[in-house]
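**Student:** Sending over upload_19.tsv (TSV, C-alpha atoms).
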```
chain	number	residue	atom	x	y	z
A	1	MET	CA	-76.34	40.78	127.14
A	2	LYS	CA	-79.26	39.35	125.16
A	3	LYS	CA	-78.69	41.94	122.44
A	4	HIS	CA	-75.03	40.97	122.32
A	5	LEU	CA	-75.91	37.28	121.95
A	6	ARG	CA	-78.39	38.05	119.18
A	7	THR	CA	-75.67	39.93	117.33
A	8	ILE	CA	-73.30	36.99	117.67
A	9	PHE	CA	-75.89	34.48	116.44
A	10	ALA	CA	-76.87	36.75	113.55
A	11	THR	CA	-73.23	37.09	112.55
A	12	LEU	CA	-72.70	33.34	112.73
A	13	PHE	CA	-75.83	32.79	110.66
A	14	VAL	CA	-74.63	35.19	107.99
A	15	LEU	CA	-71.16	33.59	107.93
A	16	ALA	CA	-72.69	30.11	107.64
A	17	ALA	CA	-74.96	31.27	104.82
A	18	LEU	CA	-72.03	32.88	102.99
A	19	TYR	CA	-70.01	29.68	103.41
A	20	LEU	CA	-72.79	27.48	102.03
A	21	LEU	CA	-73.49	29.83	99.15
A	22	PHE	CA	-70.09	31.06	98.05
A	23	TRP	CA	-67.17	29.08	99.49
A	24	PRO	CA	-65.03	27.85	96.56
A	25	VAL	CA	-65.28	24.16	95.74
A	26	PRO	CA	-63.15	22.07	93.34
A	27	ILE	CA	-66.13	20.99	91.26
A	28	ASN	CA	-68.19	22.88	88.72
A	29	PRO	CA	-71.43	20.87	88.74
A	30	GLN	CA	-73.37	20.65	85.50
A	31	ALA	CA	-77.12	20.15	85.37
A	32	TRP	CA	-78.39	16.92	83.84
A	33	THR	CA	-81.80	15.31	84.17
A	34	PRO	CA	-81.34	11.57	83.70
A	35	PRO	CA	-84.10	9.50	82.12
A	36	ALA	CA	-86.18	7.41	84.48
A	37	ALA	CA	-84.23	4.33	85.48
A	38	PRO	CA	-85.52	1.13	83.86
A	39	LYS	CA	-86.97	-1.35	86.29
A	40	LEU	CA	-85.13	-4.58	87.01
A	41	GLU	CA	-87.58	-6.63	84.99
A	42	GLY	CA	-87.82	-7.98	81.46
A	43	VAL	CA	-84.30	-8.19	79.98
A	44	TYR	CA	-83.00	-6.80	83.31
A	45	ALA	CA	-85.03	-9.11	85.55
A	46	VAL	CA	-83.34	-9.89	88.86
A	47	ASN	CA	-81.86	-13.39	89.09
A	48	GLU	CA	-79.25	-15.26	91.10
A	49	LYS	CA	-77.12	-16.70	88.30
A	50	LEU	CA	-73.90	-15.07	89.51
A	51	ALA	CA	-74.29	-16.67	92.93
A	52	ALA	CA	-72.29	-19.56	91.46
A	53	ALA	CA	-69.23	-17.35	90.84
A	54	GLU	CA	-66.07	-18.95	92.25
A	55	ARG	CA	-63.63	-16.68	94.09
A	56	LEU	CA	-59.94	-17.06	93.23
A	57	GLY	CA	-56.74	-15.53	94.59
A	58	THR	CA	-58.34	-14.65	97.91
A	59	GLY	CA	-56.08	-12.60	100.17
A	60	VAL	CA	-53.37	-11.87	97.59
A	61	GLY	CA	-54.32	-8.20	97.37
A	62	ILE	CA	-57.10	-5.63	97.29
A	63	GLY	CA	-58.89	-4.45	94.18
A	64	PRO	CA	-58.10	-6.84	91.31
A	65	GLU	CA	-60.08	-4.56	89.01
A	66	THR	CA	-59.36	-6.48	85.79
A	67	VAL	CA	-58.39	-10.07	85.01
A	68	SER	CA	-56.48	-10.95	81.82
A	69	VAL	CA	-55.66	-14.39	80.45
A	70	ASP	CA	-52.49	-15.13	78.47
A	71	ALA	CA	-51.97	-17.67	75.67
A	72	GLN	CA	-51.03	-20.33	78.23
A	73	GLY	CA	-54.22	-19.81	80.23
A	74	ARG	CA	-52.47	-18.06	83.12
A	75	LEU	CA	-54.39	-15.30	84.93
A	76	TYR	CA	-53.19	-11.76	85.65
A	77	ALA	CA	-54.70	-9.27	88.11
A	78	GLY	CA	-53.61	-5.73	89.04
A	79	TYR	CA	-53.95	-4.46	92.61
A	80	VAL	CA	-54.19	-1.12	94.41
A	81	ASP	CA	-50.56	-1.40	95.58
A	82	GLY	CA	-49.30	-1.36	91.98
A	83	ARG	CA	-48.57	-5.08	91.64
A	84	ILE	CA	-49.68	-7.17	88.70
A	85	VAL	CA	-49.79	-10.75	89.92
A	86	ARG	CA	-49.75	-13.84	87.70
A	87	PHE	CA	-51.65	-16.98	88.73
A	88	ALA	CA	-51.88	-20.49	87.37
A	89	ALA	CA	-55.04	-21.24	85.39
A	90	ASP	CA	-56.79	-22.49	88.54
A	91	GLY	CA	-55.96	-19.33	90.51
A	92	SER	CA	-53.13	-20.91	92.50
A	93	ASP	CA	-49.39	-20.09	92.66
A	94	PRO	CA	-49.50	-16.26	92.80
A	95	GLN	CA	-46.28	-14.60	91.61
A	96	THR	CA	-45.57	-10.91	91.12
A	97	PHE	CA	-45.25	-10.38	87.38
A	98	ALA	CA	-44.57	-6.62	87.51
A	99	HIS	CA	-44.94	-3.57	89.71
A	100	THR	CA	-46.00	-0.42	87.89
A	101	GLY	CA	-45.54	1.99	90.79
A	102	GLY	CA	-49.05	3.26	90.10
A	103	ARG	CA	-52.49	1.71	89.92
A	104	PRO	CA	-53.02	-0.82	87.11
A	105	VAL	CA	-56.73	-0.63	86.32
A	106	GLY	CA	-57.37	-2.13	82.87
A	107	HIS	CA	-55.12	-4.49	80.91
A	108	ARG	CA	-55.19	-6.83	77.92
A	109	PHE	CA	-52.65	-8.85	75.94
A	110	ASP	CA	-51.71	-7.78	72.43
A	111	ALA	CA	-50.92	-10.14	69.55
A	112	ALA	CA	-47.22	-10.20	70.49
A	113	GLY	CA	-47.89	-11.32	74.06
A	114	ASN	CA	-47.26	-7.94	75.71
A	115	LEU	CA	-49.60	-6.96	78.50
A	116	ILE	CA	-50.92	-3.49	77.63
A	117	VAL	CA	-51.89	-1.71	80.83
A	118	ALA	CA	-54.05	1.34	81.50
A	119	ASP	CA	-52.50	2.58	84.74
A	120	ALA	CA	-54.57	5.28	86.42
A	121	ALA	CA	-51.45	7.10	87.63
A	122	LYS	CA	-48.78	6.20	85.07
A	123	GLY	CA	-50.62	6.30	81.72
A	124	LEU	CA	-50.55	3.62	79.04
A	125	LEU	CA	-47.88	0.98	79.63
A	126	SER	CA	-46.58	-2.13	77.87
A	127	ILE	CA	-45.16	-5.02	79.87
A	128	SER	CA	-43.15	-7.62	77.99
A	129	PRO	CA	-43.54	-11.36	78.65
A	130	ALA	CA	-40.38	-11.06	80.79
A	131	GLY	CA	-41.99	-8.34	82.93
A	132	LYS	CA	-40.14	-5.31	81.52
A	133	ILE	CA	-42.26	-2.15	81.74
A	134	SER	CA	-42.28	0.51	79.02
A	135	THR	CA	-44.29	3.73	79.08
A	136	LEU	CA	-46.16	4.21	75.81
A	137	THR	CA	-47.97	7.51	76.33
A	138	THR	CA	-49.00	9.85	79.14
A	139	GLN	CA	-50.75	12.70	77.30
A	140	GLN	CA	-52.54	13.73	74.14
A	141	GLY	CA	-52.67	17.18	72.61
A	142	GLY	CA	-50.68	18.58	75.51
A	143	VAL	CA	-53.29	17.40	78.04
A	144	PRO	CA	-51.96	14.80	80.50
A	145	PHE	CA	-54.12	11.79	81.29
A	146	GLY	CA	-55.90	12.23	84.59
A	147	LEU	CA	-57.12	8.66	85.07
A	148	THR	CA	-56.12	6.17	82.40
A	149	ASP	CA	-58.86	3.60	82.83
A	150	ASP	CA	-59.21	0.76	80.32
A	151	VAL	CA	-57.56	-0.53	77.15
A	152	GLU	CA	-58.16	-3.11	74.46
A	153	PRO	CA	-55.85	-3.88	71.52
A	154	GLY	CA	-57.66	-4.02	68.19
A	155	ALA	CA	-57.22	-6.38	65.25
A	156	ASP	CA	-55.70	-3.41	63.40
A	157	GLY	CA	-52.73	-3.39	65.78
A	158	ASN	CA	-53.76	-0.21	67.61
A	159	TYR	CA	-54.42	0.12	71.33
A	160	TYR	CA	-57.75	1.77	72.16
A	161	PHE	CA	-58.00	3.24	75.64
A	162	SER	CA	-59.87	5.69	77.84
A	163	ASP	CA	-58.92	8.64	80.01
A	164	ALA	CA	-61.85	8.59	82.44
A	165	THR	CA	-61.36	12.19	83.52
A	166	SER	CA	-58.60	14.61	82.62
A	167	LYS	CA	-59.57	16.79	85.59
A	168	PHE	CA	-59.46	14.54	88.65
A	169	PRO	CA	-57.03	11.78	89.74
A	170	LEU	CA	-58.09	8.30	90.82
A	171	GLY	CA	-58.23	9.21	94.51
A	172	ALA	CA	-60.75	11.95	93.76
A	173	PHE	CA	-62.78	10.28	91.01
A	174	MET	CA	-66.03	10.81	92.93
A	175	LEU	CA	-65.57	14.54	92.36
A	176	ASP	CA	-66.01	13.87	88.65
A	177	VAL	CA	-69.20	11.95	89.41
A	178	LEU	CA	-70.57	14.84	91.49
A	179	GLU	CA	-69.53	17.41	88.91
A	180	HIS	CA	-70.99	15.46	85.98
A	181	GLY	CA	-68.58	17.30	83.74
A	182	ALA	CA	-67.65	16.01	80.30
A	183	ASN	CA	-63.99	15.48	81.23
A	184	GLY	CA	-63.37	12.05	79.67
A	185	ARG	CA	-61.68	10.99	76.43
A	186	LEU	CA	-61.45	7.97	74.14
A	187	LEU	CA	-58.02	7.65	72.56
A	188	VAL	CA	-55.98	5.37	70.33
A	189	TYR	CA	-52.26	4.63	70.42
A	190	ASP	CA	-50.44	3.37	67.31
A	191	PRO	CA	-47.38	1.33	68.43
A	192	ARG	CA	-45.85	1.62	64.95
A	193	THR	CA	-45.77	5.41	64.88
A	194	ARG	CA	-45.95	5.93	68.67
A	195	ALA	CA	-48.65	8.51	68.06
A	196	THR	CA	-51.62	9.06	70.36
A	197	ARG	CA	-54.78	10.27	68.70
A	198	LEU	CA	-58.07	11.55	70.09
A	199	LEU	CA	-61.18	9.69	68.92
A	200	LEU	CA	-63.83	11.26	71.10
A	201	ASP	CA	-63.85	13.79	73.94
A	202	GLY	CA	-66.52	15.35	76.09
A	203	LEU	CA	-67.30	11.98	77.67
A	204	TYR	CA	-68.91	11.53	81.07
A	205	PHE	CA	-66.40	9.40	82.98
A	206	ALA	CA	-65.03	7.38	80.05
A	207	ASN	CA	-64.59	3.88	81.41
A	208	GLY	CA	-64.48	0.44	79.76
A	209	VAL	CA	-63.29	0.06	76.16
A	210	ALA	CA	-63.98	-2.75	73.68
A	211	VAL	CA	-63.12	-3.15	70.00
A	212	ALA	CA	-65.20	-5.07	67.44
A	213	PRO	CA	-63.45	-8.28	66.27
A	214	ASP	CA	-62.93	-6.78	62.80
A	215	ALA	CA	-61.91	-3.39	64.24
A	216	SER	CA	-64.91	-1.78	62.52
A	217	PHE	CA	-65.88	0.12	65.67
A	218	VAL	CA	-64.84	0.77	69.24
A	219	LEU	CA	-67.11	1.04	72.27
A	220	VAL	CA	-66.63	3.15	75.39
A	221	ALA	CA	-68.73	3.08	78.55
A	222	GLU	CA	-69.86	6.44	79.94
A	223	THR	CA	-70.38	5.52	83.56
A	224	THR	CA	-72.20	8.63	84.74
A	225	GLU	CA	-74.49	8.85	81.69
A	226	TYR	CA	-75.58	5.19	82.08
A	227	ARG	CA	-74.72	4.35	78.48
A	228	VAL	CA	-72.19	2.93	76.01
A	229	ARG	CA	-71.05	5.01	73.03
A	230	ARG	CA	-69.78	3.66	69.70
A	231	VAL	CA	-67.23	5.21	67.34
A	232	TRP	CA	-66.98	3.75	63.84
A	233	LEU	CA	-63.51	3.07	62.46
A	234	GLN	CA	-64.30	1.79	58.96
A	235	PRO	CA	-63.01	4.11	56.20
A	236	HIS	CA	-66.47	4.87	54.83
A	237	ARG	CA	-67.85	5.58	58.31
A	238	GLY	CA	-64.68	6.69	60.08
A	239	GLY	CA	-65.39	9.08	62.92
A	240	GLN	CA	-69.15	8.59	62.96
A	241	ARG	CA	-70.49	7.95	66.43
A	242	ASP	CA	-73.75	6.78	67.93
A	243	ILE	CA	-75.24	5.31	71.09
A	244	PHE	CA	-74.70	1.55	71.39
A	245	ILE	CA	-76.98	1.12	74.42
A	246	ASP	CA	-78.63	3.83	76.49
A	247	ASN	CA	-80.41	4.27	79.83
A	248	LEU	CA	-78.82	1.30	81.54
A	249	PRO	CA	-80.18	0.21	84.94
A	250	GLY	CA	-76.83	0.83	86.62
A	251	PHE	CA	-73.34	2.29	86.33
A	252	PRO	CA	-71.47	0.67	83.39
A	253	ASP	CA	-67.79	-0.02	83.97
A	254	GLY	CA	-65.56	-2.47	82.09
A	255	ILE	CA	-66.59	-3.81	78.69
A	256	SER	CA	-64.83	-6.41	76.56
A	257	SER	CA	-65.31	-8.31	73.32
A	258	ASN	CA	-65.31	-12.10	73.32
A	259	GLY	CA	-64.19	-12.03	69.68
A	260	HIS	CA	-67.37	-13.70	68.46
A	261	GLY	CA	-69.98	-10.94	68.51
A	262	ILE	CA	-70.71	-10.68	72.24
A	263	PHE	CA	-69.65	-7.73	74.39
A	264	TRP	CA	-69.56	-8.32	78.13
A	265	LEU	CA	-70.47	-5.29	80.22
A	266	ALA	CA	-69.90	-4.99	83.97
A	267	ILE	CA	-72.48	-2.98	85.91
A	268	VAL	CA	-70.85	-1.72	89.11
A	269	ALA	CA	-74.15	-1.17	90.92
A	270	PRO	CA	-77.78	-0.29	90.22
A	271	ARG	CA	-78.56	3.38	89.78
A	272	ASP	CA	-79.08	5.41	92.92
A	273	PRO	CA	-82.33	7.44	93.19
A	274	GLN	CA	-80.66	9.95	95.49
A	275	LEU	CA	-77.90	10.71	92.99
A	276	ASP	CA	-80.38	10.87	90.09
A	277	SER	CA	-82.43	13.41	92.06
A	278	LEU	CA	-79.34	15.56	92.70
A	279	LEU	CA	-78.07	15.62	89.11
A	280	PRO	CA	-80.51	18.29	87.82
A	281	HIS	CA	-79.44	20.63	90.66
A	282	PRO	CA	-75.82	21.88	90.50
A	283	PHE	CA	-76.33	24.25	93.43
A	284	LEU	CA	-77.43	21.45	95.75
A	285	ARG	CA	-74.35	19.44	94.84
A	286	LYS	CA	-72.16	22.40	95.80
A	287	ILE	CA	-73.99	22.66	99.14
A	288	MET	CA	-73.53	18.93	99.66
A	289	PHE	CA	-69.80	19.28	99.04
A	290	ARG	CA	-69.46	22.26	101.41
A	291	LEU	CA	-71.28	20.33	104.13
A	292	HIS	CA	-68.93	17.37	103.58
A	293	LEU	CA	-71.92	15.08	103.19
A	294	PRO	CA	-71.05	11.54	102.13
A	295	GLU	CA	-71.63	10.49	98.54
A	296	PRO	CA	-74.61	8.20	97.92
A	297	PRO	CA	-73.37	4.65	98.62
A	298	LEU	CA	-73.25	1.99	95.93
A	299	ARG	CA	-75.77	-0.78	96.47
A	300	ARG	CA	-74.17	-4.24	96.62
A	301	HIS	CA	-75.63	-6.01	93.61
A	302	ALA	CA	-73.61	-8.07	91.13
A	303	MET	CA	-74.59	-7.56	87.50
A	304	VAL	CA	-73.08	-8.50	84.13
A	305	LEU	CA	-74.80	-7.99	80.78
A	306	GLY	CA	-73.97	-9.67	77.49
A	307	LEU	CA	-74.72	-7.48	74.46
A	308	ASP	CA	-74.82	-8.52	70.82
A	309	ALA	CA	-73.29	-6.48	67.98
A	310	GLU	CA	-76.42	-4.31	67.83
A	311	GLY	CA	-76.39	-3.47	71.54
A	312	ARG	CA	-79.25	-5.81	72.48
A	313	VAL	CA	-79.16	-7.58	75.84
A	314	VAL	CA	-78.72	-11.32	75.26
A	315	TYR	CA	-77.29	-12.30	78.67
A	316	ASN	CA	-78.45	-11.01	82.05
A	317	LEU	CA	-76.41	-12.31	84.98
A	318	GLN	CA	-77.03	-11.04	88.51
A	319	ASP	CA	-76.70	-11.75	92.21
A	320	PRO	CA	-78.42	-9.34	94.61
A	321	SER	CA	-77.43	-11.20	97.77
A	322	PRO	CA	-75.37	-9.49	100.51
A	323	VAL	CA	-72.52	-11.97	99.93
A	324	ALA	CA	-72.41	-11.47	96.16
A	325	TYR	CA	-69.09	-10.96	94.41
A	326	ALA	CA	-69.51	-7.22	93.95
A	327	PRO	CA	-69.00	-4.59	92.79
A	328	ILE	CA	-67.96	-6.08	89.46
A	329	THR	CA	-65.79	-3.73	87.45
A	330	ALA	CA	-64.59	-5.86	84.53
A	331	VAL	CA	-65.48	-9.06	82.66
A	332	GLN	CA	-63.24	-11.08	80.37
A	333	GLU	CA	-64.23	-14.26	78.55
A	334	SER	CA	-61.78	-17.12	78.04
A	335	HIS	CA	-62.41	-20.80	77.23
A	336	GLY	CA	-66.04	-20.82	78.30
A	337	MET	CA	-65.48	-18.87	81.51
A	338	LEU	CA	-66.10	-15.29	82.53
A	339	TYR	CA	-63.40	-13.75	84.73
A	340	LEU	CA	-64.68	-10.99	87.02
A	341	GLY	CA	-62.73	-8.18	88.66
A	342	SER	CA	-63.59	-5.70	91.41
A	343	PHE	CA	-62.07	-2.48	92.73
A	344	SER	CA	-62.70	-3.41	96.37
A	345	GLU	CA	-62.81	-7.22	96.74
A	346	ASN	CA	-59.77	-9.18	97.97
A	347	SER	CA	-60.26	-11.80	95.26
A	348	PHE	CA	-61.28	-12.14	91.64
A	349	ALA	CA	-63.85	-14.60	90.38
A	350	ARG	CA	-64.82	-16.84	87.50
A	351	PHE	CA	-68.15	-18.04	86.26
A	352	PRO	CA	-69.06	-20.55	83.53
A	353	ILE	CA	-70.97	-18.93	80.69
A	354	PRO	CA	-74.56	-20.17	80.94
A	355	GLN	CA	-76.79	-21.25	78.11
A	356	LYS	CA	-79.10	-18.49	76.89
```
I need this file expressed as structure tokens, please.
**Tutor:**
Amino acid sequence: MKKHLRTIFATLFVLAALYLLFWPVPINPQAWTPPAAPKLEGVYAVNEKLAAAERLGTGVGIGPETVSVDAQGRLYAGYVDGRIVRFAADGSDPQTFAHTGGRPVGHRFDAAGNLIVADAAKGLLSISPAGKISTLTTQQGGVPFGLTDDVEPGADGNYYFSDATSKFPLGAFMLDVLEHGANGRLLVYDPRTRATRLLLDGLYFANGVAVAPDASFVLVAETTEYRVRRVWLQPHRGGQRDIFIDNLPGFPDGISSNGHGIFWLAIVAPRDPQLDSLLPHPFLRKIMFRLHLPEPPLRRHAMVLGLDAEGRVVYNLQDPSPVAYAPITAVQESHGMLYLGSFSENSFARFPIPQK
């Protein structure tokens, strides 16, 4: 009997080992050793400035990830249920402006007053002032968009946008984080020719997009590399790319231009030591997936950085309190206010731009 039990336990042990070592998983983890995270001091010193953020539109919906402001000062927020809701300038009088049938994540108005929407499930959309939805593009080079993430119209008339990951859909985006594969793309859509062109691929979760006021360059946040990349658009530098800011203290998300030389960058959360320690070890991440272990949680910590045209930090706005408006996924400036979005809050927020 004892011999029989030993055989059973040995067999179970072998099966468990085979499962942990060889069972197929949907991710192909890549090794990366991140630089040591900068401390929250100096230009990143912890403060409570964002504690004064005012919540608006509470209870209208979940996940107003981006807030856009039209020429009349009205506010627009997209929710997880596919609605884009329009509010009065003070956040009152919510009315459904459009329903994309997907997940509107990033959106901005173009010069003609159309709301250009990066919908994670539907691609790049245009919504007229009357609320009519048109699909602009859903693929590039024969590769469908996996998670259309953010968009910003440029002064040149083009729409610059990101495909965060061409491999995983929105509901499985954490798989891209665990894989740390270069599955993201930065793209541009020309509404005159209706052509979609690739600007940069091999990006690590391509997220927020911002265009310089003179359309000389475009920025894209690489969330899982803790940095912002820049692609030059000027004829004499066209296609050149460099790092705008590197080794950020957290996960960069939405980025936007205020039109006057400042780029507002949302930091979803501070970096996680557990995740950083896993990134150099692809095998351990496979084991973690097979064991169905939970992903490292995001620490609740509101953070917005203001960067100048050279990528230097000139504003540092934070709130580490447990009741902070967080995580912040997008920042948009309008008439002296910053409008903040979140993928999980049931409200959006605004905050007066402080003096430096």
**Student:** Mind checking which residues fall within 10 Å of Asp81 in chain A, counting all atoms listed in the file, ignoring those fewer than 4 positions away in the same chain, and posting them as a list in words?
**Tutor:**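 Near Asp81 in chain A, the qualifying residues are Gly61, Ile62, Gly63, His99, Thr100, Gly101, Gly102, Arg103 and Pro104 of chain A.
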**Student:** Sorted by chain and rising residue number, list the residues of range 130-161 of chain A at most 8 Å from range 205-211 of chain A (counting only C-alpha atoms), each with its closest atom pair and distance in Å to one decimal, as CSV.
**Tutor:**
```
residue,atom,partner,partner_atom,distance
A:Asp149,CA,A:Asn207,CA,5.9
A:Asp150,CA,A:Gly208,CA,5.3
A:Val151,CA,A:Val209,CA,5.8
A:Glu152,CA,A:Ala210,CA,5.9
A:Pro153,CA,A:Val211,CA,7.5
A:Gly154,CA,A:Val211,CA,5.8
A:Tyr160,CA,A:Val209,CA,7.0
A:Phe161,CA,A:Val209,CA,6.2
```
**Student:** Check the smallest atom-to-atom distance from each of A:His180, A:Arg55, A:Arg229, A:His301 to Phe348 in chain A using only C-alpha atoms, then report the winner.
**Tutor:**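 Counting only C-alpha atoms, the residue closest to Phe348 in chain A is A:Arg55.
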**Student:** Interatomic distance between CA of Ser68 in chain A and CA of Asn158 in chain A?
**Tutor:**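 Here the two named atoms are 18.0 Å from each other.
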**Student:** Tell me, as number ranges by chain, which residues lie within 6 Å of Leu125 in chain A, counting only C-alpha atoms; anything in the same chain fewer than 4 positions away does not count.
**Tutor:** A: 116-117, 134-136
**Student:** A:Gly184, A:Gly42, A:Pro354, A:Gly157: which is nearest Asp110 in chain A, counting all atoms listed in the file?
**Tutor:**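 Closest to Asp110 in chain A, using all atoms listed in the file: A:Gly157.
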**Student:** Let me make sure I understand: among A:Trp32, A:Tyr79, A:Tyr325, A:Trp264, which one has the smallest atom-to-atom distance to Leu338 in chain A if we use all atoms listed in the file?
**Tutor:**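 For Leu338 in chain A, the nearest of the given residues is A:Trp264.
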**Student:** When you count all atoms listed in the file, which of these residues is closest to Arg227 in chain A: A:Pro327, A:Gly311, A:Pro282, A:Pro213?
**Tutor:**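 Answer, going by the shortest atom-to-atom distance: A:Gly311.
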**Student:** Can you list, as an mmCIF file with C-alpha atoms, in the frame of the given file, every protein, DNA or RNA residue that comes within 7 Å of Ala330 in chain A when you count only C-alpha atoms, leaving out same-chain residues fewer than 6 positions away?
**Tutor:**
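Dumped to selection-v2.cif:
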```
data_model
loop_
_atom_site.group_PDB
_atom_site.id
_atom_site.type_symbol
_atom_site.label_atom_id
_atom_site.label_comp_id
_atom_site.auth_asym_id
_atom_site.auth_seq_id
_atom_site.Cartn_x
_atom_site.Cartn_y
_atom_site.Cartn_z
ATOM 1 C CA GLU A 65 -60.080 -4.560 89.010
ATOM 2 C CA THR A 66 -59.360 -6.480 85.790
ATOM 3 C CA ASP A 253 -67.790 -0.020 83.970
ATOM 4 C CA GLY A 254 -65.560 -2.470 82.090
ATOM 5 C CA ILE A 255 -66.590 -3.810 78.690
ATOM 6 C CA ALA A 266 -69.900 -4.990 83.970
ATOM 7 C CA LEU A 340 -64.680 -10.990 87.020
ATOM 8 C CA GLY A 341 -62.730 -8.180 88.660
ATOM 9 C CA SER A 342 -63.590 -5.700 91.410
#
```
**Student:** So that I can check the surroundings of Ser166 in chain A, please list as a PyMOL selection string every protein, DNA and RNA residue that reaches within 7 Å of it, counting all atoms listed in the file and ignoring chain neighbours fewer than 4 positions away.
**Tutor:** chain A and resi 144-147+183-184
**Student:** Those same residues, written as an mmCIF file, keeping the file's coordinate frame with C-alpha atoms?
**Tutor:**
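For reference, again_29.cif as written:
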```
data_model
loop_
_atom_site.group_PDB
_atom_site.id
_atom_site.type_symbol
_atom_site.label_atom_id
_atom_site.label_comp_id
_atom_site.auth_asym_id
_atom_site.auth_seq_id
_atom_site.Cartn_x
_atom_site.Cartn_y
_atom_site.Cartn_z
ATOM 1 C CA PRO A 144 -51.960 14.800 80.500
ATOM 2 C CA PHE A 145 -54.120 11.790 81.290
ATOM 3 C CA GLY A 146 -55.900 12.230 84.590
ATOM 4 C CA LEU A 147 -57.120 8.660 85.070
ATOM 5 C CA ASN A 183 -63.990 15.480 81.230
ATOM 6 C CA GLY A 184 -63.370 12.050 79.670
#
```
**Student:** Do you know which residues are at most 10 Å from Pro273 in chain A counting all atoms listed in the file, after dropping those on the same chain fewer than 2 positions away, and could you put them as an mmCIF file with C-alpha atoms, in the frame of the given file?
**Tutor:**
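In the end it all went to out28.cif:
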```cif
data_model
loop_
_atom_site.group_PDB
_atom_site.id
_atom_site.type_symbol
_atom_site.label_atom_id
_atom_site.label_comp_id
_atom_site.auth_asym_id
_atom_site.auth_seq_id
_atom_site.Cartn_x
_atom_site.Cartn_y
_atom_site.Cartn_z
ATOM 1 C CA ALA A 36 -86.180 7.410 84.480
ATOM 2 C CA ALA A 37 -84.230 4.330 85.480
ATOM 3 C CA PRO A 270 -77.780 -0.290 90.220
ATOM 4 C CA ARG A 271 -78.560 3.380 89.780
ATOM 5 C CA LEU A 275 -77.900 10.710 92.990
ATOM 6 C CA ASP A 276 -80.380 10.870 90.090
ATOM 7 C CA SER A 277 -82.430 13.410 92.060
ATOM 8 C CA LEU A 278 -79.340 15.560 92.700
ATOM 9 C CA PRO A 296 -74.610 8.200 97.920
#
```
**Student:** From the list A:Asp90, A:Glu48, A:Glu41, A:Asp242, which residue is nearest Met337 in chain A when using only C-alpha atoms?
**Tutor:** A:Asp90
**Student:** Around (-52.6, -13.6, 85.6) in the file's frame, which residues reach within 9 Å when counting all atoms listed in the file? Return as a list in words?
**Tutor:**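 Those residues lying close to the given coordinates are Val67, Ser68, Val69, Asp70, Gly73, Arg74, Leu75, Tyr76, Ala77, Gly78, Ile84, Val85, Arg86, Phe87, Ala88, Ala89, Gly91, Pro94, Gln95 and Phe97 of chain A.
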**Student:** Quick one, how far is CA of Val331 in chain A from CA of Val304 in chain A?
**Tutor:** 7.8 Å
**Student:** Please measure the separation of CA of Ala349 in chain A and CA of Ala118 in chain A, giving the value in Å to one decimal.
**Tutor:** 20.7 Å
**Student:** Step by step: start from the point (-75.3, 2.6, 82.9) in the file's coordinates, keep every protein, DNA or RNA residue that has an atom no farther than 6 Å from it, count only C-alpha atoms, and write the set as JSON, numbers by chain.
**Tutor:** {"A": [223, 226, 227, 248, 249, 250, 251, 252]}
**Student:** Could you check the closest approach to Pro35 in chain A for each of A:Asp319, A:Asp176, A:Asp246, A:Asp308 and tell me which residue wins, using all atoms listed in the file?
**Tutor:**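 Of all the options, A:Asp246 lies closest to Pro35 in chain A.
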**Student:** N, CA and C atoms are what I want for range 249-258 of chain A; can you complete it accordingly and write them as an mmCIF file, in the coordinates of the input?
**Tutor:**
```
data_model
loop_
_atom_site.group_PDB
_atom_site.id
_atom_site.type_symbol
_atom_site.label_atom_id
_atom_site.label_comp_id
_atom_site.auth_asym_id
_atom_site.auth_seq_id
_atom_site.Cartn_x
_atom_site.Cartn_y
_atom_site.Cartn_z
ATOM 1 N N PRO A 249 -79.610 0.215 83.588
ATOM 2 C CA PRO A 249 -80.180 0.210 84.940
ATOM 3 C C PRO A 249 -79.144 0.442 86.031
ATOM 4 N N GLY A 250 -77.877 0.628 85.647
ATOM 5 C CA GLY A 250 -76.830 0.830 86.620
ATOM 6 C C GLY A 250 -75.647 1.554 86.001
ATOM 7 N N PHE A 251 -74.553 1.595 86.758
ATOM 8 C CA PHE A 251 -73.340 2.290 86.330
ATOM 9 C C PHE A 251 -72.456 1.346 85.514
ATOM 10 N N PRO A 252 -72.321 1.567 84.199
ATOM 11 C CA PRO A 252 -71.470 0.670 83.390
ATOM 12 C C PRO A 252 -70.005 0.932 83.661
ATOM 13 N N ASP A 253 -69.238 -0.134 83.710
ATOM 14 C CA ASP A 253 -67.790 -0.020 83.970
ATOM 15 C C ASP A 253 -67.042 -0.697 82.833
ATOM 16 N N GLY A 254 -66.355 -1.815 83.116
ATOM 17 C CA GLY A 254 -65.560 -2.470 82.090
ATOM 18 C C GLY A 254 -66.427 -3.146 81.035
ATOM 19 N N ILE A 255 -65.924 -3.119 79.793
ATOM 20 C CA ILE A 255 -66.590 -3.810 78.690
ATOM 21 C C ILE A 255 -65.513 -4.489 77.869
ATOM 22 N N SER A 256 -65.815 -5.680 77.352
ATOM 23 C CA SER A 256 -64.830 -6.410 76.560
ATOM 24 C C SER A 256 -65.532 -7.213 75.478
ATOM 25 N N SER A 257 -64.796 -7.480 74.414
ATOM 26 C CA SER A 257 -65.310 -8.310 73.320
ATOM 27 C C SER A 257 -64.842 -9.742 73.524
ATOM 28 N N ASN A 258 -65.736 -10.694 73.244
ATOM 29 C CA ASN A 258 -65.310 -12.100 73.320
ATOM 30 C C ASN A 258 -64.754 -12.585 71.986
#
```
